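Please read the structure below before turning to the comments.
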Protein chains: 2
Amino acid sequence: MALAVDDYVTRVTTTPTIIDRPDPVVWSRADDPEIQRFAEFGYVQRQGALDAGRVDACLEEVHRIGADSTMATYPRVIREAGSDAVRSIFDVHILSEVVQEAVEYSGAIELAREILGSDVYVHQSRLNYKPGFAGGAFYWHSDFETWHAEDGMPRPRACSASLALTRNEVYNGPLMIMPGTQKYFVQCAGETPEAYYEESLVSTAPTIGVPSEGHIAELYRSHGLDVLTGGAGSMTMFDCNTLHASGGNISPVPRANVFVVFNSVENELASPFAGTPRRPDFLARR
Amino acid sequence: MALAVDDYVTRVTTTPTIIDRPDPVVWSRADDPEIQRFAEFGYVQRQGALDAGRVDACLEEVHRIGADSTMATYPRVIREAGSDAVRSIFDVHILSEVVQEAVEYSGAIELAREILGSDVYVHQSRLNYKPGFAGGAFYWHSDFETWHAEDGMPRPRACSASLALTRNEVYNGPLMIMPGTQKYFVQCAGETPEAYYEESLVSTAPTIGVPSEGHIAELYRSHGLDVLTGGAGSMTMFDCNTLHASGGNISPVPRANVFVVFNSVENELASPFAGTPRRPDFLARR
């Protein structure tokens, strides 16, 4: 029996390295300027993907679901450590028809199909709410690294749409992307504990699935860092393997977004490459 | 015996309010454009106040003093919670001739004299070092509120120079100021514990000497928020009563600055208005 070779080895116990991504970033033959930018920088932004009415309706859903007593202990609703404040609501495209309609309206699905060169399905969706004054940071990471290791996503043939429900200013914890880093795979060190996601979802300083400071600094020097600001209703589509983060938010301006991950139907999940049990469905639909 | 009236009552046990500042911001008759901007916005910036040689020499002092084993337990050297990394070095103008010379070269002393309309002395000095990847935030506050309550500074006749030793980008935790807020005094709630400074110096979420979220949001709506970026060697002079903060820093770019507070010689410290014992000399020179 031949063993399949894993092109994206990570969670290594040896010294991790940065490897070139063997797969393309754009999987179709599309080459309009937006797709060319996506291929080069790993993301594109569109202003006004949602109108004000849809933005407001989605925001009301945060409050409705967050205050819903039947969801008080629901594992898909993640709250800030030491508080009842909602940090993320997973499966929001299932829990909320309002959000589902907004995603369909935004054009994200068509763009994802064009990038991934196939039909797509929702691998994960969530509504993130980072309150003013105390919103925590999300440290530097590649989403694909985690999805490969912990969810068995074979290849980086997925992309994420972030639909802004509040304006993103430089000072309220906007998305920061190192443009071009989607072309590498940054191995991460360390074995994956079981059910690590329970910790990583609420932690602002994760320790697993995190590139080394040396690698982050090296890629910053060569690629720089884009701070993605934009109005409420704007959309950012970014490659699943782009190195990104978002800072904390002590400004009075909250930050909320709908986050939808599209995976190619030709990139079905296998067993987690870290050898750990499958994570819950709301983190990785199959 | 007549009791003196305190124009800046704070640390109240009733509901705090925002009051108009009864004192001027600029205490001299100077009215050049820079002074006019200071009076209106509560701060001014100058690029190139320090040359590259002086910037490098000051940075070396952080490493020299931080690594000095005789200062390992020195109370003037504040380290990050749970780590040996230096966060602040107080009395740096005394501990380091290199820093003292740089401050004299920068023009900060002359500018402070012009603003305060008198001779000045150093109320406090420190070198702040916010490392990349993990630098903590400083929450919204007015320096004068603390210096009045905990150090007995009678009136807001002081100003602070921040000399940048690294470039300040929007993403590495730069100073954020609400321009114009120096014209108000934002009362804070709560009694002051003894030796509270031991906690507040290392905490990223202080609870005393902190305006209410409602007041911060109100002043943000009326005054907005300036993010103060600039090159290494740039200087920011700001009024002691300006509402300001700085975010965390998960970027790979460290942030360091020399911070010198000038107080008017006509504004000598009295007993702390909070009724607490005097704080150590390195926090408030008399």
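A note on labels: chains of the structure tokens are A, B, ... as shown, every chain counts residues from 1, and ligands are counted from 1 in their shown order.
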
Output as JSON lines one row per residue of chain B within 8 Å of chain A: the closest atom pair and its distance in Å to one decimal place, counting only C-alpha atoms, sorted by chain and residue number ascending.
{"residue": "B:Phe133", "atom": "CA", "partner": "A:Glu213", "partner_atom": "CA", "distance": 7.5}
{"residue": "B:Tyr139", "atom": "CA", "partner": "A:Ile250", "partner_atom": "CA", "distance": 6.8}
{"residue": "B:Trp140", "atom": "CA", "partner": "A:Ile250", "partner_atom": "CA", "distance": 7.9}
{"residue": "B:Val170", "atom": "CA", "partner": "A:Val170", "partner_atom": "CA", "distance": 6.3}
{"residue": "B:Tyr171", "atom": "CA", "partner": "A:Val170", "partner_atom": "CA", "distance": 7.4}
{"residue": "B:Glu213", "atom": "CA", "partner": "A:Phe133", "partner_atom": "CA", "distance": 7.5}
{"residue": "B:Ile216", "atom": "CA", "partner": "A:Pro252", "partner_atom": "CA", "distance": 7.0}
{"residue": "B:Ala217", "atom": "CA", "partner": "A:Pro252", "partner_atom": "CA", "distance": 5.5}
{"residue": "B:Tyr220", "atom": "CA", "partner": "A:Pro252", "partner_atom": "CA", "distance": 7.3}
{"residue": "B:Val227", "atom": "CA", "partner": "A:Tyr171", "partner_atom": "CA", "distance": 7.5}
{"residue": "B:Gly247", "atom": "CA", "partner": "A:Ile250", "partner_atom": "CA", "distance": 6.5}
{"residue": "B:Gly248", "atom": "CA", "partner": "A:Gly248", "partner_atom": "CA", "distance": 6.2}
{"residue": "B:Asn249", "atom": "CA", "partner": "A:Gly247", "partner_atom": "CA", "distance": 7.1}
{"residue": "B:Ile250", "atom": "CA", "partner": "A:Gly247", "partner_atom": "CA", "distance": 6.5}
{"residue": "B:Pro252", "atom": "CA", "partner": "A:Ala217", "partner_atom": "CA", "distance": 5.5}

Problem - segment 271-286 of chain A environment, 8 Å, only C-alpha atoms, sequence neighbours closer than 4 positions dropped, as a PyMOL selection string - result: chain A and resi 10-11+76+90-91+122-125+147-153+191-195+197

Could you save the residues just selected, with C-alpha atoms, as a PDB file, in the first residue's frame?
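Wrote it out as out23.pdb, contents follow:
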ATOM      1  CA  THR A  10       2.783  20.901  10.118  1.00  0.00           C
ATOM      2  CA  ARG A  11       2.597  20.567  13.918  1.00  0.00           C
ATOM      3  CA  ARG A  76     -21.766  27.432  18.739  1.00  0.00           C
ATOM      4  CA  PHE A  90     -20.790  29.707  14.550  1.00  0.00           C
ATOM      5  CA  ASP A  91     -23.089  28.261  11.875  1.00  0.00           C
ATOM      6  CA  VAL A 122     -19.741  26.513   3.301  1.00  0.00           C
ATOM      7  CA  HIS A 123     -16.953  24.940   5.332  1.00  0.00           C
ATOM      8  CA  GLN A 124     -17.560  27.226   8.300  1.00  0.00           C
ATOM      9  CA  SER A 125     -19.501  30.385   9.018  1.00  0.00           C
ATOM     10  CA  TRP A 147      -8.019  23.319   8.836  1.00  0.00           C
ATOM     11  CA  HIS A 148      -5.448  20.964   7.346  1.00  0.00           C
ATOM     12  CA  ALA A 149      -4.099  19.781  10.687  1.00  0.00           C
ATOM     13  CA  GLU A 150      -7.296  19.669  12.716  1.00  0.00           C
ATOM     14  CA  ASP A 151     -10.036  19.212  10.104  1.00  0.00           C
ATOM     15  CA  GLY A 152      -8.343  17.233   7.328  1.00  0.00           C
ATOM     16  CA  MET A 153      -8.708  19.829   4.574  1.00  0.00           C
ATOM     17  CA  GLU A 191       1.791  18.460  18.877  1.00  0.00           C
ATOM     18  CA  THR A 192      -1.935  19.154  18.854  1.00  0.00           C
ATOM     19  CA  PRO A 193      -3.740  18.439  22.129  1.00  0.00           C
ATOM     20  CA  GLU A 194      -7.176  16.826  21.850  1.00  0.00           C
ATOM     21  CA  ALA A 195     -10.103  19.260  21.807  1.00  0.00           C
ATOM     22  CA  TYR A 197     -10.227  24.196  19.763  1.00  0.00           C
TER      23      TYR A 197
END

Exercise for the section: Give the answer as one residue: which of B:Leu165, B:Leu111, B:Val261, B:Leu50 has the shortest atom-to-atom distance to Phe38 of chain B, using only C-alpha atoms? Expected result: B:Leu111

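Nearest-residue note for Leu201 of chain A: choosing from A:Val258, A:Ala161, A:Val77, A:Val265, the minimum distance belongs to A:Val77, counting only C-alpha atoms.
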
Contacts between segment 20-23 of chain A and segment 57-148 of chain A, please, where a residue of segment 57-148 of chain A counts if it comes within 12 Å (with only C-alpha atoms); show its shortest atom pair and distance in Å to one decimal, rows by chain and ascending number, as CSV.
residue,atom,partner,partner_atom,distance
A:Leu116,CA,A:Asp23,CA,11.5
A:Phe144,CA,A:Arg21,CA,11.7
A:Glu145,CA,A:Arg21,CA,11.9

Exercise for the section: From a DSSP pass on the backbone, collect the residues of segment 27-276 of chain B flagged as strand (DSSP E) and hand them back as number ranges by chain. Expected result: B: 43-46, 77-79, 86-90, 120-130, 138-141, 158-164, 175-177, 184-186, 226-228, 235-239, 244-246, 255-264

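Excluding Gly230 of chain B and any residue on its chain fewer than 5 positions from it, the residues at most 10 Å away by only C-alpha atoms are Gln45, Arg46, Gln47, Gly48, Ala164, Thr166, Arg167, Asn168, Glu169, Val170, Pro174, Met235 and Thr236 of chain B.
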
Problem - Non-local contacts of Ser142 of chain B (7 Å; only C-alpha atoms; under 4 positions in same chain excluded) as a PyMOL selection string - result: chain B and resi 240-244

Can I get the selected residues back with all heavy atoms, as a tab-separated table (two decimals), in the first residue's frame?
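Dumped everything to again18.tsv:
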chain	number	residue	atom	x	y	z
B	240	CYS	N	-1.21	67.45	29.73
B	240	CYS	CA	-1.32	66.41	30.76
B	240	CYS	C	-2.75	65.94	30.98
B	240	CYS	O	-2.96	64.91	31.61
B	240	CYS	CB	-0.76	66.94	32.08
B	240	CYS	SG	-1.65	68.37	32.72
B	241	ASN	N	-3.72	66.68	30.45
B	241	ASN	CA	-5.11	66.33	30.71
B	241	ASN	C	-5.82	65.78	29.47
B	241	ASN	O	-7.02	65.56	29.47
B	241	ASN	CB	-5.86	67.56	31.25
B	241	ASN	CG	-7.24	67.21	31.75
B	241	ASN	OD1	-7.40	66.20	32.44
B	241	ASN	ND2	-8.22	68.03	31.41
B	242	THR	N	-5.08	65.54	28.39
B	242	THR	CA	-5.68	65.00	27.17
B	242	THR	C	-6.04	63.53	27.38
B	242	THR	O	-5.25	62.77	27.92
B	242	THR	CB	-4.66	65.10	26.02
B	242	THR	OG1	-4.23	66.46	25.92
B	242	THR	CG2	-5.25	64.67	24.71
B	243	LEU	N	-7.21	63.16	26.93
B	243	LEU	CA	-7.61	61.75	27.03
B	243	LEU	C	-6.85	60.96	25.96
B	243	LEU	O	-6.93	61.28	24.77
B	243	LEU	CB	-9.13	61.63	26.81
B	243	LEU	CG	-9.82	60.43	27.47
B	243	LEU	CD1	-9.66	60.47	28.98
B	243	LEU	CD2	-11.28	60.40	27.09
B	244	HIS	N	-6.11	59.96	26.39
B	244	HIS	CA	-5.31	59.21	25.43
B	244	HIS	C	-5.18	57.75	25.85
B	244	HIS	O	-5.53	57.37	26.96
B	244	HIS	CB	-3.92	59.85	25.26
B	244	HIS	CG	-3.09	59.81	26.51
B	244	HIS	ND1	-3.34	60.63	27.59
B	244	HIS	CD2	-2.03	59.06	26.85
B	244	HIS	CE1	-2.44	60.38	28.54
B	244	HIS	NE2	-1.64	59.42	28.13

Exercise for the section: Would you list the contacts of Glu266 of chain A as an MDAnalysis selection string, taking every protein, DNA or RNA residue within 9 Å and counting only C-alpha atoms, but skipping same-chain residues closer than 2 positions in sequence? Expected result: chainID A and resid 118:120 157 263:264 268

Produce a file of the selected residues containing N, CA, C and O atoms, as a JSON list (two decimals), in the first residue's frame.
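Generated output (part.json):
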[["chain", "number", "residue", "atom", "x", "y", "z"],
["A", 118, "SER", "N", -14.57, 25.89, -9.17],
["A", 118, "SER", "CA", -15.50, 24.76, -9.00],
["A", 118, "SER", "C", -16.71, 25.26, -8.23],
["A", 118, "SER", "O", -16.74, 26.41, -7.79],
["A", 119, "ASP", "N", -17.66, 24.37, -8.03],
["A", 119, "ASP", "CA", -18.74, 24.72, -7.10],
["A", 119, "ASP", "C", -18.14, 24.72, -5.68],
["A", 119, "ASP", "O", -17.08, 24.15, -5.45],
["A", 120, "VAL", "N", -18.83, 25.40, -4.78],
["A", 120, "VAL", "CA", -18.29, 25.54, -3.42],
["A", 120, "VAL", "C", -19.38, 25.19, -2.40],
["A", 120, "VAL", "O", -20.56, 25.17, -2.73],
["A", 157, "ARG", "N", -7.62, 25.02, -1.10],
["A", 157, "ARG", "CA", -8.56, 25.38, -2.16],
["A", 157, "ARG", "C", -9.85, 25.89, -1.49],
["A", 157, "ARG", "O", -10.93, 25.36, -1.71],
["A", 263, "ASN", "N", -15.33, 26.28, 0.67],
["A", 263, "ASN", "CA", -14.38, 25.25, 0.26],
["A", 263, "ASN", "C", -14.84, 24.67, -1.08],
["A", 263, "ASN", "O", -16.04, 24.60, -1.35],
["A", 264, "SER", "N", -13.89, 24.29, -1.90],
["A", 264, "SER", "CA", -14.22, 23.66, -3.18],
["A", 264, "SER", "C", -14.83, 22.28, -2.91],
["A", 264, "SER", "O", -14.37, 21.54, -2.04],
["A", 268, "GLU", "N", -12.82, 17.89, -0.58],
["A", 268, "GLU", "CA", -13.55, 17.35, 0.58],
["A", 268, "GLU", "C", -12.62, 17.00, 1.73],
["A", 268, "GLU", "O", -11.51, 16.52, 1.53]]

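Using only C-alpha atoms, the nearest neighbour of Ile115 of chain A within the list A:Gln36, A:Asn267, A:Thr14, A:Thr181 is A:Gln36.
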
Handout entry: Test item, alpha helix (DSSP H) assignment across segment 105-214 of chain B, answer as a ChimeraX atom specification
Key = /B:105-106,108-116,143-151,197-200,213-214

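Taking only C-alpha atoms into account, Asp56 of chain B lies nearest to B:Ala256 out of the set B:Val44, B:Ala112, B:Ala85, B:Ala256.
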
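Considering only C-alpha atoms, the residue among B:Ser212, B:Thr17, B:Asn257, B:Gln100 positioned nearest to Val62 of chain B is B:Asn257.
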
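Across the model, the gap from atom CA of Leu163 of chain B to atom CA of Val260 of chain B is 8.4 Å.
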